[in-house]
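Participant: Here's a structure for you.
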Amino acid sequence: MSSSSTVPAELDAVVVGAGFSGLYMLYRLRELGMSARVFEAGDDVGGTWYWNRYPGARCDVESMHYSFSFDPELEQEWEWTEKYPSQPEILAYIRHVAERHDLRHDVVLSTRVTAAHFDEGSRRWTVRTDRGHVVSARYCVLAVGCLSVPKAPEVPGLENFRGSWYHTSQWPEDDVDFSGQRVAVIGTGSSGIQAIPILAERAAELTVFQRTANFCLPTFNGPIDREMVAEIKATYPEVREAGRNSGFGIAIEAPTRSALEVSEDERLRTYEERWNRGNLTGVLQAYTDLLTDQAANDTAADFVRDRIRETVTDPATAEKLLPRGHAFGTKRPCLGTGYYETFNRDDVHLVDLRETPLVEITERGLRTSEREYEFDSIVLATGFDAMTGAFLAIDIRGRDGLTLREKWSQGPVGYLGLGVAGFPNLFTITGPGSPSVLSNMIVSIEQHVDWIAGLLSHLDANGLSTVEASEAAEKEWGEHVRECGEATLYPKTDSWYMGANVPGKPRVFMAYIGGVGVYREKCREVAGNGYEGFVLQGSVAG
Ligand code: N01
């Protein structure tokens with residue numbers, strides 16, 4: 001896939017990344033009459049959905065809610081085929097959006113942004129790419145995604161392995177033929193849990209190396225319910241608006257009671273009914289305190305553990321698959337299709353790395369503390385340097401040469417997860433400190449992009465040249481994000497939300513858990529008060 005875009009030396013805006021956020025940002029910038037280019041490292045648009053094309057990749061937000069709302073005709077025309085959209089279908093949707101709005105024209109593919117430096121004198125960003133572009137832009141918008149820098153397995157020896165290996169997030173474009181092969185999977189997060197049942201069908205033998213058993217709920221995926229589609233399409237504006245003002249970006253009935261104030265029978269009936277909905281929020285949102293009170297959480301965790309015991313026929317395997325030691329939901333819970341059932345197959349094996357840790361990757365396979373296993377292929381489903389990795393992969397320098405890496409050395413800071421003090425005219429779409437990964441990403445992306453577009457329009461209308469988060473506002477917001485996180489069970493768990501999956505990464509709860517609607521209101525208020533907490537300055541350089 002190529003793009004014909006030439007790149008002028010001066011632009012109003014450079015956008016980094018052509019996933020959902022970068023493409024929508026481009027759309028809005030064009031509406032404002034600004035010149036812009038999007039640089040995208042991939043060979044096509046799609047971001048996350050371009051890269052993560054491993055077998056079984058699918059979004060666990062339901063199709064009717066995982067789409068743009070800015071184009072009312074498109075949301076009526078587009079037909080999703082399944083309850084949960086598969087990666088190929090989402091990618092087809094993104095490509096369609098790019099073409100429908102002629103966005104490709106300003107997207108520069110196969111080009112990675114390597115540096116962005118702010119120049120005090122001109123009040124502009126100099127953006128450099130790995131293909132030699134040097135562009136001066138008034139604004140730099142980082143639409144780099146929260147989960148886009150793959151994490152290696154850390155154990156030594158990958159370079160010695162004589163077979164083939166694949167990371168789920170960098171899957172080859174031509175799918176891999178595993179027939180007749182002995183395949184290993186390392187990792188049982190969302191990616192592993194989706195890939196494992198399919199790999200089990202394709203390989204001769206599959207061995208799953210599990211370090212932490214996670215909670216997996218069933219999707220009950222299938223052809224989309226046409227009646228539900230018609231109902232939603234008839235009221236899409238209301239459905240979208242309700243999502244925007246909800247906790248996670250999809251309106252659900254808010255719980256009113258503690259899990260501990262109802263009888264066990266009632267609780268089990270409630271969990272059962274919600275389990276059967278086949279979604280992420282059903283069980284987790286059954287009671288007010290499941291994410292804040294360990295005893296309440298235990299009731300839901302026990303319910304899920306019982307479902308695992310019921311499903312997995314070998315008790316010893318079931319025991320290994322039971323998540324323990326972290327509260328349900330505090331590591332991103334997973335949705336799966338036939339995940340636990342897969343372990344009932346004779347050709348699927350489970351190695352518990354808590355009992356026998358992985359020691360090295362060898363020429364022939366994997367060695368644990370107990371023995372060596374031989375494989376033809378290894379699949380790394382080991383996750384990402386989440387939420388900060390993609391920002392820090394670029395050499396970003398703000399005022400006085402301050403690097404983003406220095407600024408974030410103790411963990412990411414920023415105001416509203418949108419801007420960083422010391423980095424004028426730089427925007428971080430779904431950045432740390434915003435609801436981002438704790439929400440339906442597209443709802444959060446649209447809100448950020450719309451808000452940034454409003455701000456840029458305000459700057460233009462008032463002849464202003466720079467906008468920058470103030471240190472004070474950034475600090476206060478950071479405190480608020482931290483306090484909200486600490487009121488929950490999340491910080492108690494080693495998770496990628498906490499940066500705990502990457503050795504040496506500061507341990508900070510990086511997302512805002514106050515809720516999508518609350519956050520949206522805060523952003524609206526900030527804008528309404530003349531972009532309170534941001535410093536708006538100067539006249540546009542001539
Ligand atoms: O990554 P993960 P992911 N040795 O970090 C294990 C989104 N997503 O790619 O938990 C052995 O969750 C690691 O073990 P542990 C979604 O937000 C969404 O699966 O660190 N094991 C863990 O089991 C998701 O949360 C969708 O002990 C090692 C696994 O690898 C996020 O992306 C689909 C290891 C990594 O799990 C990330 O998901 C896919 C090592 N050295 C992804 N290093 C949907 O919408 C890591 N692990 C459905």
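Starting from 1 in every chain, residues are counted up; chains themselves are A, B, ... following the order of the structure tokens, and ligands are numbered from 1 as listed.
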When you look at Thr342 of chain A with a cut-off of 12 Å (counting only C-alpha atoms), what residues show up, excluding the ones that are within fewer than 6 positions of it in the same chain? I need them as an mmCIF file with N, CA and C atoms, in the first residue's frame.
Facilitator:
data_model
loop_
_atom_site.group_PDB
_atom_site.id
_atom_site.type_symbol
_atom_site.label_atom_id
_atom_site.label_comp_id
_atom_site.auth_asym_id
_atom_site.auth_seq_id
_atom_site.Cartn_x
_atom_site.Cartn_y
_atom_site.Cartn_z
ATOM 1 N N ILE A 193 -4.804 -15.092 24.798
ATOM 2 C CA ILE A 193 -6.093 -15.760 25.034
ATOM 3 C C ILE A 193 -6.933 -15.828 23.759
ATOM 4 N N GLN A 194 -6.799 -14.842 22.901
ATOM 5 C CA GLN A 194 -7.524 -14.898 21.624
ATOM 6 C C GLN A 194 -6.845 -15.833 20.630
ATOM 7 N N ALA A 195 -5.516 -15.835 20.648
ATOM 8 C CA ALA A 195 -4.785 -16.620 19.640
ATOM 9 C C ALA A 195 -4.776 -18.116 19.960
ATOM 10 N N ILE A 196 -4.723 -18.439 21.247
ATOM 11 C CA ILE A 196 -4.497 -19.841 21.652
ATOM 12 C C ILE A 196 -5.536 -20.820 21.063
ATOM 13 N N PRO A 197 -6.835 -20.541 21.156
ATOM 14 C CA PRO A 197 -7.785 -21.523 20.594
ATOM 15 C C PRO A 197 -7.610 -21.745 19.093
ATOM 16 N N ILE A 198 -7.247 -20.692 18.380
ATOM 17 C CA ILE A 198 -7.091 -20.832 16.923
ATOM 18 C C ILE A 198 -5.787 -21.569 16.613
ATOM 19 N N LEU A 199 -4.735 -21.205 17.333
ATOM 20 C CA LEU A 199 -3.450 -21.881 17.108
ATOM 21 C C LEU A 199 -3.576 -23.363 17.431
ATOM 22 N N ALA A 200 -4.368 -23.671 18.455
ATOM 23 C CA ALA A 200 -4.557 -25.085 18.833
ATOM 24 C C ALA A 200 -5.183 -25.854 17.678
ATOM 25 N N GLU A 201 -6.082 -25.211 16.961
ATOM 26 C CA GLU A 201 -6.724 -25.884 15.821
ATOM 27 C C GLU A 201 -5.744 -26.065 14.666
ATOM 28 N N GLU A 205 0.557 -29.567 17.748
ATOM 29 C CA GLU A 205 0.633 -29.587 19.204
ATOM 30 C C GLU A 205 0.911 -28.171 19.691
ATOM 31 N N LEU A 206 0.212 -27.769 20.730
ATOM 32 C CA LEU A 206 0.401 -26.404 21.240
ATOM 33 C C LEU A 206 0.742 -26.463 22.724
ATOM 34 N N THR A 207 1.777 -25.723 23.104
ATOM 35 C CA THR A 207 2.122 -25.647 24.525
ATOM 36 C C THR A 207 2.053 -24.186 24.960
ATOM 37 N N VAL A 208 1.279 -23.939 25.987
ATOM 38 C CA VAL A 208 1.070 -22.570 26.473
ATOM 39 C C VAL A 208 1.929 -22.361 27.709
ATOM 40 N N ILE A 308 -14.243 -21.665 35.613
ATOM 41 C CA ILE A 308 -13.043 -22.301 35.024
ATOM 42 C C ILE A 308 -12.999 -23.770 35.453
ATOM 43 N N THR A 311 -15.302 -25.851 33.511
ATOM 44 C CA THR A 311 -15.025 -25.995 32.075
ATOM 45 C C THR A 311 -13.849 -26.920 31.795
ATOM 46 N N VAL A 312 -12.827 -26.820 32.631
ATOM 47 C CA VAL A 312 -11.585 -27.563 32.351
ATOM 48 C C VAL A 312 -11.677 -28.935 33.023
ATOM 49 N N THR A 313 -11.585 -29.984 32.215
ATOM 50 C CA THR A 313 -11.883 -31.303 32.761
ATOM 51 C C THR A 313 -10.768 -31.861 33.663
ATOM 52 N N ASP A 314 -9.517 -31.543 33.352
ATOM 53 C CA ASP A 314 -8.439 -32.056 34.204
ATOM 54 C C ASP A 314 -8.250 -31.099 35.392
ATOM 55 N N THR A 317 -4.948 -29.146 35.642
ATOM 56 C CA THR A 317 -4.836 -28.056 34.660
ATOM 57 C C THR A 317 -5.736 -26.898 35.077
ATOM 58 N N ALA A 318 -6.946 -27.235 35.504
ATOM 59 C CA ALA A 318 -7.885 -26.179 35.944
ATOM 60 C C ALA A 318 -7.247 -25.359 37.064
ATOM 61 N N LEU A 321 -4.933 -22.835 35.866
ATOM 62 C CA LEU A 321 -5.566 -21.753 35.094
ATOM 63 C C LEU A 321 -6.345 -20.767 35.990
ATOM 64 N N GLY A 336 -12.765 -14.169 25.749
ATOM 65 C CA GLY A 336 -12.251 -15.222 24.884
ATOM 66 C C GLY A 336 -13.365 -16.063 24.300
ATOM 67 N N VAL A 348 -3.026 -29.986 23.501
ATOM 68 C CA VAL A 348 -2.702 -28.687 24.110
ATOM 69 C C VAL A 348 -2.169 -28.925 25.524
ATOM 70 N N HIS A 349 -1.037 -28.295 25.815
ATOM 71 C CA HIS A 349 -0.407 -28.485 27.121
ATOM 72 C C HIS A 349 -0.196 -27.126 27.783
ATOM 73 N N LEU A 350 -0.191 -27.149 29.095
ATOM 74 C CA LEU A 350 -0.009 -25.900 29.847
ATOM 75 C C LEU A 350 1.210 -26.020 30.742
#
Participant: Residues within 7 Å of ligand 1 (only C-alpha atoms and all ligand atoms), as a CSV table (one decimal) with N, CA, C and O atoms, in the first residue's frame?
Facilitator:
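Wrote out-v8.csv, looks like this:
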chain,number,residue,atom,x,y,z
A,57,ALA,N,-7.4,-12.3,16.3
A,57,ALA,CA,-7.5,-10.9,16.8
A,57,ALA,C,-8.8,-10.3,16.6
A,57,ALA,O,-9.4,-10.4,15.5
A,58,ARG,N,-9.3,-9.7,17.6
A,58,ARG,CA,-10.7,-9.2,17.6
A,58,ARG,C,-10.8,-8.2,18.7
A,58,ARG,O,-10.2,-8.2,19.7
A,59,CYS,N,-11.7,-7.2,18.5
A,59,CYS,CA,-11.9,-6.2,19.5
A,59,CYS,C,-12.9,-6.7,20.6
A,59,CYS,O,-13.8,-7.5,20.2
A,60,ASP,N,-12.7,-6.4,21.8
A,60,ASP,CA,-13.7,-6.8,22.8
A,60,ASP,C,-14.6,-5.7,23.2
A,60,ASP,O,-15.2,-5.8,24.3
A,61,VAL,N,-14.7,-4.7,22.4
A,61,VAL,CA,-15.8,-3.8,22.5
A,61,VAL,C,-16.8,-4.2,21.4
A,61,VAL,O,-16.4,-4.4,20.3
A,147,LEU,N,-0.9,1.1,23.0
A,147,LEU,CA,-0.4,-0.3,23.0
A,147,LEU,C,0.2,-0.6,21.7
A,147,LEU,O,-0.3,-1.3,20.9
A,152,ALA,N,9.4,-7.5,24.4
A,152,ALA,CA,10.1,-8.7,24.2
A,152,ALA,C,9.9,-9.6,25.5
A,152,ALA,O,9.5,-9.1,26.5
A,153,PRO,N,10.3,-10.9,25.3
A,153,PRO,CA,10.0,-11.8,26.5
A,153,PRO,C,11.0,-11.7,27.6
A,153,PRO,O,10.9,-12.4,28.6
A,154,GLU,N,12.1,-10.9,27.4
A,154,GLU,CA,13.1,-10.7,28.4
A,154,GLU,C,14.1,-11.9,28.6
A,154,GLU,O,15.2,-11.7,28.9
A,155,VAL,N,13.6,-13.1,28.5
A,155,VAL,CA,14.5,-14.2,28.7
A,155,VAL,C,15.5,-14.3,27.5
A,155,VAL,O,15.1,-13.9,26.4
A,186,ILE,N,4.0,-17.9,24.5
A,186,ILE,CA,4.3,-17.3,25.8
A,186,ILE,C,3.4,-16.2,26.0
A,186,ILE,O,3.3,-15.2,25.2
A,187,GLY,N,2.6,-16.2,27.1
A,187,GLY,CA,1.8,-15.1,27.4
A,187,GLY,C,0.3,-15.4,27.3
A,187,GLY,O,-0.1,-16.0,26.3
A,188,THR,N,-0.4,-15.0,28.4
A,188,THR,CA,-1.8,-15.3,28.4
A,188,THR,C,-2.6,-14.0,28.8
A,188,THR,O,-3.5,-14.0,29.7
A,189,GLY,N,-2.3,-12.9,28.1
A,189,GLY,CA,-3.1,-11.7,28.2
A,189,GLY,C,-4.1,-11.8,27.1
A,189,GLY,O,-4.4,-12.9,26.5
A,190,SER,N,-4.7,-10.6,26.8
A,190,SER,CA,-5.8,-10.6,25.7
A,190,SER,C,-5.3,-11.3,24.4
A,190,SER,O,-6.1,-12.0,23.8
A,191,SER,N,-4.1,-10.9,24.0
A,191,SER,CA,-3.6,-11.4,22.7
A,191,SER,C,-3.5,-13.0,22.7
A,191,SER,O,-4.0,-13.7,21.9
A,192,GLY,N,-2.8,-13.5,23.8
A,192,GLY,CA,-2.6,-14.9,23.9
A,192,GLY,C,-3.9,-15.6,24.0
A,192,GLY,O,-4.1,-16.6,23.3
A,209,PHE,N,2.8,-21.3,27.7
A,209,PHE,CA,3.6,-21.0,28.8
A,209,PHE,C,3.0,-19.8,29.5
A,209,PHE,O,3.0,-18.7,29.0
A,210,GLN,N,2.4,-20.1,30.7
A,210,GLN,CA,1.6,-19.1,31.4
A,210,GLN,C,2.4,-18.6,32.7
A,210,GLN,O,2.8,-19.4,33.5
A,211,ARG,N,2.6,-17.3,32.7
A,211,ARG,CA,3.2,-16.8,34.0
A,211,ARG,C,2.1,-16.4,35.0
A,211,ARG,O,2.2,-16.7,36.1
A,212,THR,N,1.2,-15.6,34.5
A,212,THR,CA,0.1,-15.2,35.4
A,212,THR,C,-1.2,-15.6,34.7
A,212,THR,O,-1.5,-15.2,33.6
A,213,ALA,N,-2.0,-16.4,35.4
A,213,ALA,CA,-3.3,-16.8,34.9
A,213,ALA,C,-4.2,-15.6,35.0
A,213,ALA,O,-4.2,-14.9,36.0
A,332,ARG,N,-6.0,-6.1,33.0
A,332,ARG,CA,-7.0,-6.0,32.0
A,332,ARG,C,-7.7,-7.4,31.8
A,332,ARG,O,-7.1,-8.3,31.4
A,334,CYS,N,-9.9,-10.4,30.2
A,334,CYS,CA,-9.9,-10.8,28.8
A,334,CYS,C,-11.3,-11.3,28.4
A,334,CYS,O,-12.0,-11.9,29.3
A,335,LEU,N,-11.6,-11.2,27.2
A,335,LEU,CA,-12.8,-11.9,26.6
A,335,LEU,C,-12.2,-13.0,25.7
A,335,LEU,O,-11.3,-12.7,24.9
A,353,LEU,N,4.6,-21.2,34.6
A,353,LEU,CA,5.9,-20.6,34.8
A,353,LEU,C,6.1,-20.1,36.2
A,353,LEU,O,7.2,-19.8,36.6
A,358,LEU,N,10.6,-19.7,33.2
A,358,LEU,CA,11.3,-19.8,31.9
A,358,LEU,C,12.8,-19.3,32.2
A,358,LEU,O,13.0,-18.3,32.8
A,381,ALA,N,3.3,-13.7,22.9
A,381,ALA,CA,2.1,-12.8,23.2
A,381,ALA,C,2.4,-12.1,24.5
A,381,ALA,O,1.6,-12.1,25.4
A,382,THR,N,3.6,-11.4,24.5
A,382,THR,CA,4.1,-10.9,25.7
A,382,THR,C,3.8,-9.4,25.9
A,382,THR,O,4.3,-8.8,26.8
A,383,GLY,N,2.9,-8.8,25.1
A,383,GLY,CA,2.4,-7.5,25.4
A,383,GLY,C,3.2,-6.4,24.9
A,383,GLY,O,4.0,-6.5,24.0
A,384,PHE,N,3.0,-5.2,25.6
A,384,PHE,CA,3.5,-4.0,25.1
A,384,PHE,C,4.2,-3.1,26.2
A,384,PHE,O,3.9,-3.3,27.4
A,437,VAL,N,-7.2,3.8,28.0
A,437,VAL,CA,-7.3,2.3,28.0
A,437,VAL,C,-8.4,1.8,28.9
A,437,VAL,O,-8.7,0.6,28.9
A,495,SER,N,0.6,-4.8,36.8
A,495,SER,CA,-0.1,-4.9,35.5
A,495,SER,C,0.6,-3.9,34.6
A,495,SER,O,1.4,-3.0,35.0
A,496,TRP,N,0.2,-3.9,33.3
A,496,TRP,CA,0.8,-2.9,32.4
A,496,TRP,C,0.2,-1.5,32.7
A,496,TRP,O,0.8,-0.5,32.3
A,501,ASN,N,5.0,-4.4,33.9
A,501,ASN,CA,5.4,-5.5,33.0
A,501,ASN,C,6.7,-5.2,32.3
A,501,ASN,O,7.2,-6.0,31.6
Participant: From a DSSP pass on the backbone, collect the residues of segment 278-418 of chain A flagged as strand (DSSP E or B) and hand them back as a PyMOL selection string.
Facilitator: chain A and resi 334-336+348-352+358-361+365-368+372-374+377-380+384+395-397+403+415
Participant: Do you have, as CSV, the list of residues of segment 16-115 of chain A lying at most 7 Å from segment 394-407 of chain A, each with its nearest atom pair and that distance in Å to one decimal, counting only C-alpha atoms and ordered by chain then number?
Facilitator:
residue,atom,partner,partner_atom,distance
A:Val113,CA,A:Ile394,CA,6.7
A:Thr114,CA,A:Ile394,CA,5.0
A:Ala115,CA,A:Asp395,CA,4.4
Participant: Within 10 Å of His480 of chain A, counting only C-alpha atoms, which residues qualify if same-chain residues fewer than 3 places away don't, as a VMD selection string?
Facilitator: chain A and resid 433 474 to 477 483 to 486 512 to 514
Participant: Could you list, as a list in words, every residue within 8 Å of Val107 of chain A, counting only C-alpha atoms and ignoring same-chain residues fewer than 2 positions away?
Facilitator: Ser3, Ser5, Ala18, Arg37, Val38, Phe39, Glu40, Leu103, Arg104, His105 and Leu109 of chain A
Participant: Produce a file of the selected residues containing all heavy atoms, as an mmCIF file, in the first residue's frame.
Facilitator:
data_model
loop_
_atom_site.group_PDB
_atom_site.id
_atom_site.type_symbol
_atom_site.label_atom_id
_atom_site.label_comp_id
_atom_site.auth_asym_id
_atom_site.auth_seq_id
_atom_site.Cartn_x
_atom_site.Cartn_y
_atom_site.Cartn_z
ATOM 1 N N SER A 3 1.329 5.683 -0.452
ATOM 2 C CA SER A 3 0.603 6.944 -0.459
ATOM 3 C C SER A 3 1.390 7.910 -1.323
ATOM 4 O O SER A 3 2.608 7.851 -1.392
ATOM 5 C CB SER A 3 0.434 7.463 0.972
ATOM 6 O OG SER A 3 1.447 8.355 1.278
ATOM 7 N N SER A 5 1.640 11.045 -1.086
ATOM 8 C CA SER A 5 1.815 12.344 -0.481
ATOM 9 C C SER A 5 3.243 12.877 -0.598
ATOM 10 O O SER A 5 4.197 12.193 -0.257
ATOM 11 C CB SER A 5 1.441 12.242 0.993
ATOM 12 O OG SER A 5 1.379 13.502 1.543
ATOM 13 N N ALA A 18 -1.265 6.774 12.001
ATOM 14 C CA ALA A 18 -2.476 6.785 11.172
ATOM 15 C C ALA A 18 -3.441 5.677 11.577
ATOM 16 O O ALA A 18 -3.968 4.945 10.748
ATOM 17 C CB ALA A 18 -2.114 6.666 9.693
ATOM 18 N N ARG A 37 0.229 16.668 7.606
ATOM 19 C CA ARG A 37 0.598 15.346 7.117
ATOM 20 C C ARG A 37 0.607 14.401 8.310
ATOM 21 O O ARG A 37 0.959 14.794 9.426
ATOM 22 C CB ARG A 37 2.002 15.332 6.503
ATOM 23 C CG ARG A 37 2.103 16.017 5.165
ATOM 24 C CD ARG A 37 1.321 15.295 4.065
ATOM 25 N NE ARG A 37 1.506 15.937 2.775
ATOM 26 C CZ ARG A 37 0.848 17.032 2.377
ATOM 27 N NH1 ARG A 37 -0.051 17.599 3.166
ATOM 28 N NH2 ARG A 37 1.084 17.562 1.190
ATOM 29 N N VAL A 38 0.234 13.177 8.020
ATOM 30 C CA VAL A 38 0.304 12.118 9.030
ATOM 31 C C VAL A 38 1.457 11.198 8.638
ATOM 32 O O VAL A 38 1.487 10.705 7.508
ATOM 33 C CB VAL A 38 -0.998 11.288 9.062
ATOM 34 C CG1 VAL A 38 -0.922 10.212 10.136
ATOM 35 C CG2 VAL A 38 -2.206 12.178 9.276
ATOM 36 N N PHE A 39 2.387 10.988 9.527
ATOM 37 C CA PHE A 39 3.444 10.008 9.282
ATOM 38 C C PHE A 39 3.075 8.708 9.982
ATOM 39 O O PHE A 39 2.709 8.706 11.164
ATOM 40 C CB PHE A 39 4.793 10.513 9.823
ATOM 41 C CG PHE A 39 5.362 11.646 9.014
ATOM 42 C CD1 PHE A 39 5.422 12.930 9.534
ATOM 43 C CD2 PHE A 39 5.845 11.429 7.727
ATOM 44 C CE1 PHE A 39 5.950 13.986 8.790
ATOM 45 C CE2 PHE A 39 6.381 12.468 6.979
ATOM 46 C CZ PHE A 39 6.429 13.754 7.506
ATOM 47 N N GLU A 40 3.188 7.630 9.246
ATOM 48 C CA GLU A 40 2.785 6.317 9.773
ATOM 49 C C GLU A 40 3.884 5.300 9.489
ATOM 50 O O GLU A 40 4.288 5.123 8.344
ATOM 51 C CB GLU A 40 1.462 5.904 9.118
ATOM 52 C CG GLU A 40 1.076 4.448 9.290
ATOM 53 C CD GLU A 40 1.000 4.002 10.753
ATOM 54 O OE1 GLU A 40 0.259 4.642 11.534
ATOM 55 O OE2 GLU A 40 1.686 3.016 11.109
ATOM 56 N N LEU A 103 -8.504 10.600 2.953
ATOM 57 C CA LEU A 103 -7.468 10.947 3.927
ATOM 58 C C LEU A 103 -6.082 10.462 3.505
ATOM 59 O O LEU A 103 -5.072 11.057 3.866
ATOM 60 C CB LEU A 103 -7.828 10.350 5.298
ATOM 61 C CG LEU A 103 -9.135 10.868 5.908
ATOM 62 C CD1 LEU A 103 -9.484 10.110 7.183
ATOM 63 C CD2 LEU A 103 -9.032 12.367 6.219
ATOM 64 N N ARG A 104 -6.042 9.405 2.720
ATOM 65 C CA ARG A 104 -4.746 8.828 2.343
ATOM 66 C C ARG A 104 -3.812 9.848 1.706
ATOM 67 O O ARG A 104 -2.597 9.748 1.828
ATOM 68 C CB ARG A 104 -4.955 7.683 1.346
ATOM 69 C CG ARG A 104 -5.421 6.405 1.978
ATOM 70 C CD ARG A 104 -5.446 5.306 0.947
ATOM 71 N NE ARG A 104 -6.003 4.087 1.503
ATOM 72 C CZ ARG A 104 -5.316 3.237 2.272
ATOM 73 N NH1 ARG A 104 -4.050 3.475 2.559
ATOM 74 N NH2 ARG A 104 -5.892 2.155 2.746
ATOM 75 N N HIS A 105 -4.444 10.767 1.015
ATOM 76 C CA HIS A 105 -3.706 11.791 0.308
ATOM 77 C C HIS A 105 -2.666 12.493 1.202
ATOM 78 O O HIS A 105 -1.593 12.885 0.733
ATOM 79 C CB HIS A 105 -4.732 12.816 -0.207
ATOM 80 C CG HIS A 105 -4.139 13.888 -1.013
ATOM 81 N ND1 HIS A 105 -3.532 13.641 -2.218
ATOM 82 C CD2 HIS A 105 -4.020 15.220 -0.779
ATOM 83 C CE1 HIS A 105 -3.073 14.778 -2.694
ATOM 84 N NE2 HIS A 105 -3.348 15.758 -1.842
ATOM 85 N N LEU A 109 3.058 6.848 4.437
ATOM 86 C CA LEU A 109 3.199 5.509 5.013
ATOM 87 C C LEU A 109 4.667 5.081 5.096
ATOM 88 O O LEU A 109 5.554 5.719 4.526
ATOM 89 C CB LEU A 109 2.416 4.502 4.163
ATOM 90 C CG LEU A 109 0.903 4.722 4.110
ATOM 91 C CD1 LEU A 109 0.266 3.800 3.076
ATOM 92 C CD2 LEU A 109 0.266 4.521 5.478
#
Participant: Calculated over only C-alpha atoms, which of the candidates A:Glu79, A:Asp43, A:Asp265, A:Glu272 has the smallest distance to Glu173 of chain A?
Facilitator: A:Asp43
Participant: Between A:Arg520, A:Ile361, A:Thr330, A:Gly325, which is the closest to Gly417 of chain A once you count only C-alpha atoms?
Facilitator: A:Arg520
